[in-house]
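Visitor: My questions will all concern the structure given below.
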Amino acid sequence: MEVRNPELLRPRYFDSLRAHNVPHVYNAWSGMPEIRDQIAIAGSRTSDRIVARALLRRGRPYADAVKKFAPYVSVQEVNEPVRQGLRELVDTALVDGATAFIFVNNRLEGNSPGTIVAITE
């Protein structure tokens with residue numbers, strides 16, 4: 001379940017997901033807390049799977065990211081806070097033996113394959 005409203009990141013939301021083994025999708029989105037801040041919320045891991053979507057820099061509108069990064073041929077702006085959060089989720093999955101699904105959008109840094117390579121190095 002991916003929410004883009006930070007006010008929903010409350011115990012009742014996480015408890016509801018956990019009751020059905022539905023993962024909270026940690027996401028990098030304009031109005032959301034950083035992924036590492038979402039991870040730090042008690043009970044935010046709600047499933048045996050880990051899912052993350054790295055979409056936008058915090059505070060940046062989608063249309064601005066399209067203008068800034070198109071045609072998406074290279075990483076143009078490193079977003080270290082998001083990279084750190086994604087690395088933390090990957091490390092957690094490796095330690096726990098969990099399945100992790102990590103999705104990266106070109107609008108995050110300008111080139112999603114480049115971002116993925118960077119977080120795995």
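By order in the structure tokens, chains are A, B, ...; within a chain, residues start at 1; ligands start at 1, following the order shown.
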For A:Ser30, find every residue with an atom within 10 Å (counting only C-alpha atoms), except residues of its own chain fewer than 5 positions away, and show them as a PyMOL selection string.

Guide: chain A and resi 4+55-62

Visitor: Find the residues near A:Thr46: any atom within 7 Å, counting only C-alpha atoms, skip ones fewer than 3 places away on the same chain, and give them as a CSV table (one decimal) with N, CA and C atoms, in the first residue's frame.

Guide:
chain,number,residue,atom,x,y,z
A,14,PHE,N,-0.5,1.4,10.0
A,14,PHE,CA,0.5,0.3,10.0
A,14,PHE,C,-0.2,-1.0,10.5
A,17,LEU,N,-2.4,-2.7,7.9
A,17,LEU,CA,-1.6,-3.4,6.9
A,17,LEU,C,-1.0,-4.7,7.4
A,18,ARG,N,-0.4,-4.6,8.6
A,18,ARG,CA,0.2,-5.8,9.3
A,18,ARG,C,-0.8,-6.9,9.5
A,21,ASN,N,-0.8,-8.7,6.3
A,21,ASN,CA,0.5,-9.0,5.7
A,21,ASN,C,0.7,-8.2,4.4
A,22,VAL,N,0.2,-6.9,4.4
A,22,VAL,CA,0.4,-6.0,3.2
A,22,VAL,C,1.5,-5.1,3.5
A,23,PRO,N,2.5,-5.0,2.6
A,23,PRO,CA,3.6,-4.1,2.9
A,23,PRO,C,3.3,-2.6,2.8
A,24,HIS,N,3.8,-1.8,3.7
A,24,HIS,CA,3.8,-0.4,3.5
A,24,HIS,C,4.8,-0.1,2.4
A,43,GLY,N,7.0,0.3,13.8
A,43,GLY,CA,5.9,-0.6,13.2
A,43,GLY,C,5.7,-0.4,11.7

Visitor: What's the separation between atom CA of A:Val104 and atom CA of A:Ala54, in Å to one decimal place?

Guide: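 Straight-line distance from atom CA of A:Val104 to atom CA of A:Ala54 works out to 4.7 Å.
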
Visitor: Could you find all residues in chain A that DSSP calls strand (DSSP E) from the backbone, and write them as a list in words?

Guide: Val25, Tyr26, Asn27, Ala28, Arg49, Ile50, Val51, Ala52, Arg53, Ala54, Thr99, Ala100, Phe101, Ile102, Phe103 and Val104 of chain A

Visitor: Write the residues of the selection above to a file with C-alpha atoms, as an mmCIF file, in the first residue's frame.

Guide:
data_model
loop_
_atom_site.group_PDB
_atom_site.id
_atom_site.type_symbol
_atom_site.label_atom_id
_atom_site.label_comp_id
_atom_site.auth_asym_id
_atom_site.auth_seq_id
_atom_site.Cartn_x
_atom_site.Cartn_y
_atom_site.Cartn_z
ATOM 1 C CA VAL A 25 5.501 1.024 0.393
ATOM 2 C CA TYR A 26 8.365 3.208 1.515
ATOM 3 C CA ASN A 27 8.350 6.022 -1.007
ATOM 4 C CA ALA A 28 10.296 9.059 -2.018
ATOM 5 C CA ARG A 49 8.127 -8.310 1.952
ATOM 6 C CA ILE A 50 9.867 -4.967 1.635
ATOM 7 C CA VAL A 51 8.692 -2.573 -1.070
ATOM 8 C CA ALA A 52 10.024 0.857 -1.996
ATOM 9 C CA ARG A 53 9.376 3.363 -4.772
ATOM 10 C CA ALA A 54 11.909 6.124 -5.286
ATOM 11 C CA THR A 99 12.064 -10.391 -0.512
ATOM 12 C CA ALA A 100 12.555 -6.757 -1.494
ATOM 13 C CA PHE A 101 11.072 -4.907 -4.435
ATOM 14 C CA ILE A 102 12.866 -1.617 -5.086
ATOM 15 C CA PHE A 103 11.545 0.601 -7.880
ATOM 16 C CA VAL A 104 13.373 3.722 -9.049
#

Visitor: Extract, using only C-alpha atoms, all DNA, RNA and protein residues at most 10 Å from A:Gln84, discarding same-chain residues fewer than 4 positions from it, and format them as a count of residues only.

Guide: 9

Visitor: Name the closest residue to A:Asp96 among the candidates A:Met1, A:Ala63, A:Asp48, A:Asn111; distances are taken between atoms, counting only C-alpha atoms.

Guide: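 Counting only C-alpha atoms, the residue closest to A:Asp96 is A:Asp48.
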
Visitor: Please run DSSP on the backbone and report, as number ranges by chain, all residues within chain A that come out as helix (DSSP H, G or I).

Guide: A: 6-8, 11-19, 35-39, 62-69, 80-96, 106-109, 112-120

Visitor: Which neighbours of A:Thr115 fall inside 8 Å, counting only C-alpha atoms, when residues of the same chain fewer than 6 positions from it are skipped, and could you give them as a list of chain:residue names?

Guide: A:Val75, A:Arg83, A:Val104, A:Glu109

Visitor: Excluding A:Ala118 and residues on its chain fewer than 2 positions from it, collect all residues at most 10 Å away from it, counting only C-alpha atoms, and give them as a list in words.

Guide: Val75, Val78, Arg83, Arg87, Ser112, Pro113, Gly114, Thr115, Ile116, Thr120 and Glu121 of chain A

Visitor: Please, could you write that set of residues out with N, CA, C and O atoms as a compact mmCIF listing (two decimals), in the first residue's frame?

Guide:
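Written out: out_18.txt:
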# COMPACT_ATOMS: atom_id res chain seq x y z
N VAL A 75 22.58 10.08 -14.64
CA VAL A 75 22.28 10.64 -13.32
C VAL A 75 22.77 12.08 -13.34
O VAL A 75 23.92 12.36 -13.66
N VAL A 78 22.53 13.63 -7.72
CA VAL A 78 22.54 12.56 -6.73
C VAL A 78 21.63 12.94 -5.56
O VAL A 78 21.70 14.06 -5.05
N ARG A 83 19.05 7.45 -1.60
CA ARG A 83 19.98 6.32 -1.77
C ARG A 83 20.24 5.63 -0.45
O ARG A 83 20.25 4.40 -0.36
N ARG A 87 19.38 1.76 0.40
CA ARG A 87 20.43 0.84 0.86
C ARG A 87 20.04 0.18 2.18
O ARG A 87 20.28 -1.01 2.39
N SER A 112 17.23 6.13 -13.90
CA SER A 112 16.98 5.10 -12.89
C SER A 112 18.00 3.97 -12.91
O SER A 112 18.42 3.52 -11.84
N PRO A 113 18.45 3.48 -14.08
CA PRO A 113 19.48 2.42 -14.03
C PRO A 113 20.75 2.88 -13.31
O PRO A 113 21.36 2.12 -12.56
N GLY A 114 21.14 4.13 -13.54
CA GLY A 114 22.32 4.65 -12.86
C GLY A 114 22.14 4.74 -11.37
O GLY A 114 23.06 4.46 -10.58
N THR A 115 20.95 5.09 -10.92
CA THR A 115 20.65 5.14 -9.49
C THR A 115 20.71 3.73 -8.89
O THR A 115 21.28 3.54 -7.82
N ILE A 116 20.13 2.78 -9.59
CA ILE A 116 20.12 1.40 -9.08
C ILE A 116 21.54 0.87 -8.95
O ILE A 116 21.90 0.26 -7.92
N THR A 120 23.70 -0.21 -5.25
CA THR A 120 24.16 -1.59 -5.05
C THR A 120 25.69 -1.68 -4.96
O THR A 120 26.21 -2.76 -4.73
N GLU A 121 26.37 -0.58 -5.15
CA GLU A 121 27.84 -0.60 -5.08
C GLU A 121 28.32 -0.54 -3.64
O GLU A 121 27.72 -0.02 -2.77

Visitor: For A:Lys68, which residue among A:Ser44, A:Tyr13, A:Glu7, A:Gly110 is the nearest when counting only C-alpha atoms?

Guide: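 Under the stated criterion, the closest residue is A:Gly110.
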
Visitor: Please report the interatomic distance between atom CA of A:Leu8 and atom CA of A:Thr92 in Å with one decimal.

Guide: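 Atom CA of A:Leu8 sits 23.7 Å away from atom CA of A:Thr92.
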
Visitor: When distances are computed from only C-alpha atoms, which of A:Ala98, A:Pro6, A:Asp37, A:Arg107 shows the smallest separation from A:Lys67?

Guide: A:Arg107

Visitor: To one decimal in Å, tell me the separation between atom CA of A:Gly97 and atom CA of A:Ser47.

Guide: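 Interatomic distance here is 12.7 Å.
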
Visitor: Let me make sure I understand: among A:Leu9, A:Ala19, A:Val3, A:Leu108, which one has the smallest atom-to-atom distance to A:Tyr72 if we use only C-alpha atoms?

Guide: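 Among A:Leu9, A:Ala19, A:Val3, A:Leu108, it is A:Leu108 that comes nearest to A:Tyr72.
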